[in-house]
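Undergrad: I have a structure I would like to understand better, so I am pasting it below and will then ask my questions one at a time.
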Number of protein chains: 2
Amino acid sequence: MALIVKKFGGSSVATTEKIMSVAKRILDEKKGNDKIVMVVSAMGDTTDELISLAKGINGEPYKFPREMDMLLTTGEQISIALLSMAFQTLGHPAVSLTGPMVGLQTDSAYTKGRIVDISPERVHEELNKGNIVVVAGFQGSNHLGDPVTLGRGGSDTSAVALAGALGADSCEIYTDVEGVYSADPRIVPSARKIKEITYSEMLEMARLGAGVMQPRSVEMGEIFKIPIHVRSTFTKTSGTIIRGDYSMESIEEKSFVIRGVAHDENVTKIAVLGISDTPGVAHKIFDALAKANVDVDMIVQSMRNIEKNITDMVFTVANDDLTKAKEVMETVARDLNASNVLIEENVTKISIVGAGMLGNPGIAARMFGALAKAGVNIEIISTSEISLSCLIKGGHVKEAVNAVHDEFFPKN
Amino acid sequence: MALIVKKFGGSSVATTEKIMSVAKRILDEKKGNDKIVMVVSAMGDTTDELISLAKGINGEPYKFPREMDMLLTTGEQISIALLSMAFQTLGHPAVSLTGPMVGLQTDSAYTKGRIVDISPERVHEELNKGNIVVVAGFQGSNHLGDPVTLGRGGSDTSAVALAGALGADSCEIYTDVEGVYSADPRIVPSARKIKEITYSEMLEMARLGAGVMQPRSVEMGEIFKIPIHVRSTFTKTSGTIIRGDYSMESIEEKSFVIRGVAHDENVTKIAVLGISDTPGVAHKIFDALAKANVDVDMIVQSMRNIEKNITDMVFTVANDDLTKAKEVMETVARDLNASNVLIEENVTKISIVGAGMLGNPGIAARMFGALAKAGVNIEIISTSEISLSCLIKGGHVKEAVNAVHDEFFPKN
């Protein structure tokens, strides 16, 4: 008898017909005494519809984050009620529970809450009565009892954290792709589905732009040591298992020195030119950015003129943070007496990820070579323990990603 | 400084524009330090839309009452979030709270819960912080923490009960009519708005068909001694005050011997003919009906043939209960060897209500006289301490109600 948490996203429960087919599939696949906990998101466009309703009251509804959470948490509450009815209509006892009702406690950061604790006694009780338990993803409540949403990708996080708190055997994330791929299949037709990947590799892939899983939910999996199975809503084939280490079956997986190629087009490059190379200059720039809540990613400081002690500072931020970053840099550049500030939007970061890189010094050279052969110029390079990233100009994503992917995953 | 609970129904908050105008009105009328608690229903057609969504899963969604409550309670949660945003948009602090969050505890009769207790500490806290508190009507939670709706008219009941638990100075029920009238103004153009009415008179009016207030909420008002002010959403004129006794100002009110004329067209007459007049016959009939959950209203037993000990039993039930009643009566009539069962749907009960009737023996004669003059035949008569009802054939409502109203509220 296994306890399995299964998470279905909004597109899987977008209509009552789809809700019925999710329920049918689950009952078809359920083995004997398996205990099933379903975690579901709001139906299809419900969240967008609720947001547009709120905009009828105030053009900037997120100025009222507490009330937005009161509003948005109704979305999942609707889908859990319907899915629970669907199971019962098909003859299996089921019960729906909201985030607060499964004891999912958050901090008070409305609209982007963090889970602080889960006390899932009610879930165990209902499972022991023979029910399939249908839980609202994306939500919990704070110490006041106010509903709080978990922010982007929150339903995945709910599912993995709940699996951890319940001591589940696994957590299955159903999605519209078949699993995690060695590159984005929309760009790289030869991308292969990854059978197994470690938490830290998956985290690095997600951080570097691979969109399937939110980093928070992978962290939760690692903390609670819950294997996460990312798989398709539409087919029954096995997807990608994220776990602490590879199983014996994945010898094939381990034969590749890298796990995948990630890319991120949401990048802006900012260059502060001609500043005096004295202690404290870097601190001034990045402290000001941090105070404005701008996340800085790659940083390169280059020596332009050693004799005159003149240097350039180049770094990247997300496109979304450009407006904030620009404001900050105008002031800082004036303070530092910089000769110029250059901004280049929509550049691309392309990265390779894999724990195998550590003991394999030739990997970097192979990546640079592949890019060079494809005629792609590298602007910035940065490395972590299990990844290597290159910044390239925008407009070359397809060639660059395919070139690097072909290098490490040769087509037969 | 007064603490006032104000309840707005679904049609008053049907669109975001209407929600904004409710908020504006409340702020316009708010005096200095008044503490305001708003109780609101779901927006316009939301409840119907949710029910039709559920029917996409199962044609009879009320077979799953717990899940229906999980589904339907989202309706008010949406409107409280929006109304709270509206107050804040207009510059007044506000906070929304669901039924469970205001400590409204119910029994576990999902879809028709009864309030068992209210612990409104959170409401007091939020009021003391200067907030307008916006509460979801129609809902609470049971001992498990499951959402439970209160059934028909539940938002009124929430409002009055909450006013009681908070020790409010008054409870204002905003509706699409200007108050309680001496008869239904759609049928009696000369009907006058009642300025004051006692709880027991209002209860009797409601029980006998006057639709403005649900009996349960009036009972709550009486238990907690909270004056209930029924008034219009659209005008600022005073409506009808329901309280324990008349105030000094309502000498004029007291000059009328009756308070109003109520009528009910949702009535079916059932006659069981030719049964033997022996002990236990009435018990057999009405026990069987009670077991089938059919409420019986008027009952008349008449002697048809004293020598042969043959009697007829005539009674009324609501039209909605006809199917159930018919089934029961087929069996019972066979058991009692009745000669026939006659059923007449859509008959009308017309009633006069007023505490003043008690010491006024001529009242009944005046009512019968008015009906006779209008050519309306009376089929059954029944009386209570403060009311007198006559059953008449269907199709004569307008003449009958106007005739009786004219008798007691003469047009000048």
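Residue names in the structure tokens use chain letters A, B, ... in the order shown, residue numbers from 1 in each chain, and ligand numbers from 1 in the order shown.
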So that I can see what lies close to B:Arg122, please list as a ChimeraX atom specification the residues with an atom at most 9 Å from it, counting only C-alpha atoms and leaving out residues fewer than 2 positions away in the same chain.
TA: /A:144 /B:97,101-103,119-120,124-127
Undergrad: Once you count only C-alpha atoms, which residues of chain B turn out to be within 8 Å of chain A? Could you give them as a list in words?
TA: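 My answer is Thr16, Glu17, Met20, Leu53, Ala54, Gly56, Ile57, Asn58, Pro61, Phe64, Glu67, Met68, Met70, Leu71, Thr74, Gln77, Ile78, Ala81, Leu82, Ser84, Met85, Ala86, Thr89, Val95, Ser96, Met101, Gly145 and Asp146 of chain B.
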Undergrad: For A:Met1, work out the shell of residues within 10 Å, counting only C-alpha atoms and skipping chain neighbours fewer than 5 positions away, then give it as a count of residues only.
TA: 6
Undergrad: Do you have the atom CA of A:Ile36-atom CA of A:Gly130 distance handy?
TA: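 Rounded to one decimal, the two atoms are 9.5 Å apart.
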Undergrad: Between B:Gln139, B:Glu172, B:Pro93, B:Glu345, single out the one closest to B:Leu27, counting only C-alpha atoms.
TA: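 Smallest distance to B:Leu27 is found for B:Pro93.
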Undergrad: Based on DSSP run over this structure's backbone, return all residues of stretch 31-220 of chain B in alpha helix (DSSP H), as a VMD selection string.
TA: chain B and resid 46 to 55 65 to 89 121 to 128 154 to 166 199 to 207 215 to 220
Undergrad: Can you write just those residues out, C-alpha atoms, as a JSON list (two decimals), in the first residue's frame?
TA:
```
[["chain", "number", "residue", "atom", "x", "y", "z"],
["B", 46, "THR", "CA", -22.69, 33.67, -9.07],
["B", 47, "THR", "CA", -24.48, 31.00, -7.06],
["B", 48, "ASP", "CA", -26.52, 29.89, -10.07],
["B", 49, "GLU", "CA", -23.38, 29.78, -12.21],
["B", 50, "LEU", "CA", -21.62, 27.62, -9.63],
["B", 51, "ILE", "CA", -24.60, 25.27, -9.45],
["B", 52, "SER", "CA", -24.63, 24.90, -13.24],
["B", 53, "LEU", "CA", -20.89, 24.18, -13.15],
["B", 54, "ALA", "CA", -21.56, 21.40, -10.64],
["B", 55, "LYS", "CA", -24.28, 20.02, -12.91],
["B", 65, "PRO", "CA", -24.12, 18.49, -0.01],
["B", 66, "ARG", "CA", -20.69, 18.80, 1.62],
["B", 67, "GLU", "CA", -19.02, 19.47, -1.72],
["B", 68, "MET", "CA", -21.81, 21.85, -2.76],
["B", 69, "ASP", "CA", -21.05, 23.93, 0.32],
["B", 70, "MET", "CA", -17.33, 23.84, -0.48],
["B", 71, "LEU", "CA", -18.28, 25.12, -3.94],
["B", 72, "LEU", "CA", -20.96, 27.67, -3.08],
["B", 73, "THR", "CA", -19.11, 29.38, -0.21],
["B", 74, "THR", "CA", -16.64, 30.71, -2.80],
["B", 75, "GLY", "CA", -19.41, 33.03, -4.04],
["B", 76, "GLU", "CA", -19.48, 35.24, -0.94],
["B", 77, "GLN", "CA", -15.70, 34.98, -0.57],
["B", 78, "ILE", "CA", -15.36, 36.69, -3.96],
["B", 79, "SER", "CA", -17.76, 39.51, -3.07],
["B", 80, "ILE", "CA", -16.18, 40.26, 0.33],
["B", 81, "ALA", "CA", -12.70, 40.50, -1.22],
["B", 82, "LEU", "CA", -13.99, 42.94, -3.84],
["B", 83, "LEU", "CA", -16.03, 45.05, -1.40],
["B", 84, "SER", "CA", -13.07, 45.31, 0.96],
["B", 85, "MET", "CA", -10.89, 46.45, -1.98],
["B", 86, "ALA", "CA", -13.59, 49.00, -2.85],
["B", 87, "PHE", "CA", -13.50, 50.55, 0.64],
["B", 88, "GLN", "CA", -9.70, 50.70, 0.55],
["B", 89, "THR", "CA", -9.75, 52.17, -2.95],
["B", 121, "GLU", "CA", -13.29, 38.01, 18.61],
["B", 122, "ARG", "CA", -11.61, 38.62, 15.26],
["B", 123, "VAL", "CA", -14.39, 41.02, 14.23],
["B", 124, "HIS", "CA", -13.92, 43.08, 17.42],
["B", 125, "GLU", "CA", -10.15, 43.14, 16.89],
["B", 126, "GLU", "CA", -10.47, 44.39, 13.33],
["B", 127, "LEU", "CA", -13.10, 46.99, 14.28],
["B", 128, "ASN", "CA", -10.82, 48.25, 17.06],
["B", 154, "GLY", "CA", -29.06, 32.57, 5.17],
["B", 155, "SER", "CA", -27.34, 35.93, 4.71],
["B", 156, "ASP", "CA", -30.08, 37.70, 6.69],
["B", 157, "THR", "CA", -29.69, 35.12, 9.43],
["B", 158, "SER", "CA", -25.88, 35.57, 9.43],
["B", 159, "ALA", "CA", -26.28, 39.33, 9.73],
["B", 160, "VAL", "CA", -28.77, 39.30, 12.59],
["B", 161, "ALA", "CA", -26.96, 36.55, 14.50],
["B", 162, "LEU", "CA", -23.64, 38.34, 14.08],
["B", 163, "ALA", "CA", -25.24, 41.59, 15.27],
["B", 164, "GLY", "CA", -26.46, 39.70, 18.31],
["B", 165, "ALA", "CA", -23.09, 38.12, 19.07],
["B", 166, "LEU", "CA", -21.34, 41.47, 18.65],
["B", 199, "TYR", "CA", -40.79, 40.25, 16.00],
["B", 200, "SER", "CA", -43.80, 37.98, 16.55],
["B", 201, "GLU", "CA", -45.98, 39.86, 14.09],
["B", 202, "MET", "CA", -43.19, 39.82, 11.51],
["B", 203, "LEU", "CA", -42.65, 36.11, 12.08],
["B", 204, "GLU", "CA", -46.35, 35.45, 11.56],
["B", 205, "MET", "CA", -46.34, 37.60, 8.40],
["B", 206, "ALA", "CA", -43.32, 35.70, 7.07],
["B", 207, "ARG", "CA", -44.78, 32.33, 7.96],
["B", 215, "PRO", "CA", -38.45, 33.65, 9.66],
["B", 216, "ARG", "CA", -35.08, 32.36, 10.99],
["B", 217, "SER", "CA", -33.48, 35.80, 10.92],
["B", 218, "VAL", "CA", -36.45, 37.38, 12.70],
["B", 219, "GLU", "CA", -36.24, 34.70, 15.41],
["B", 220, "MET", "CA", -32.53, 35.55, 15.79]]
```
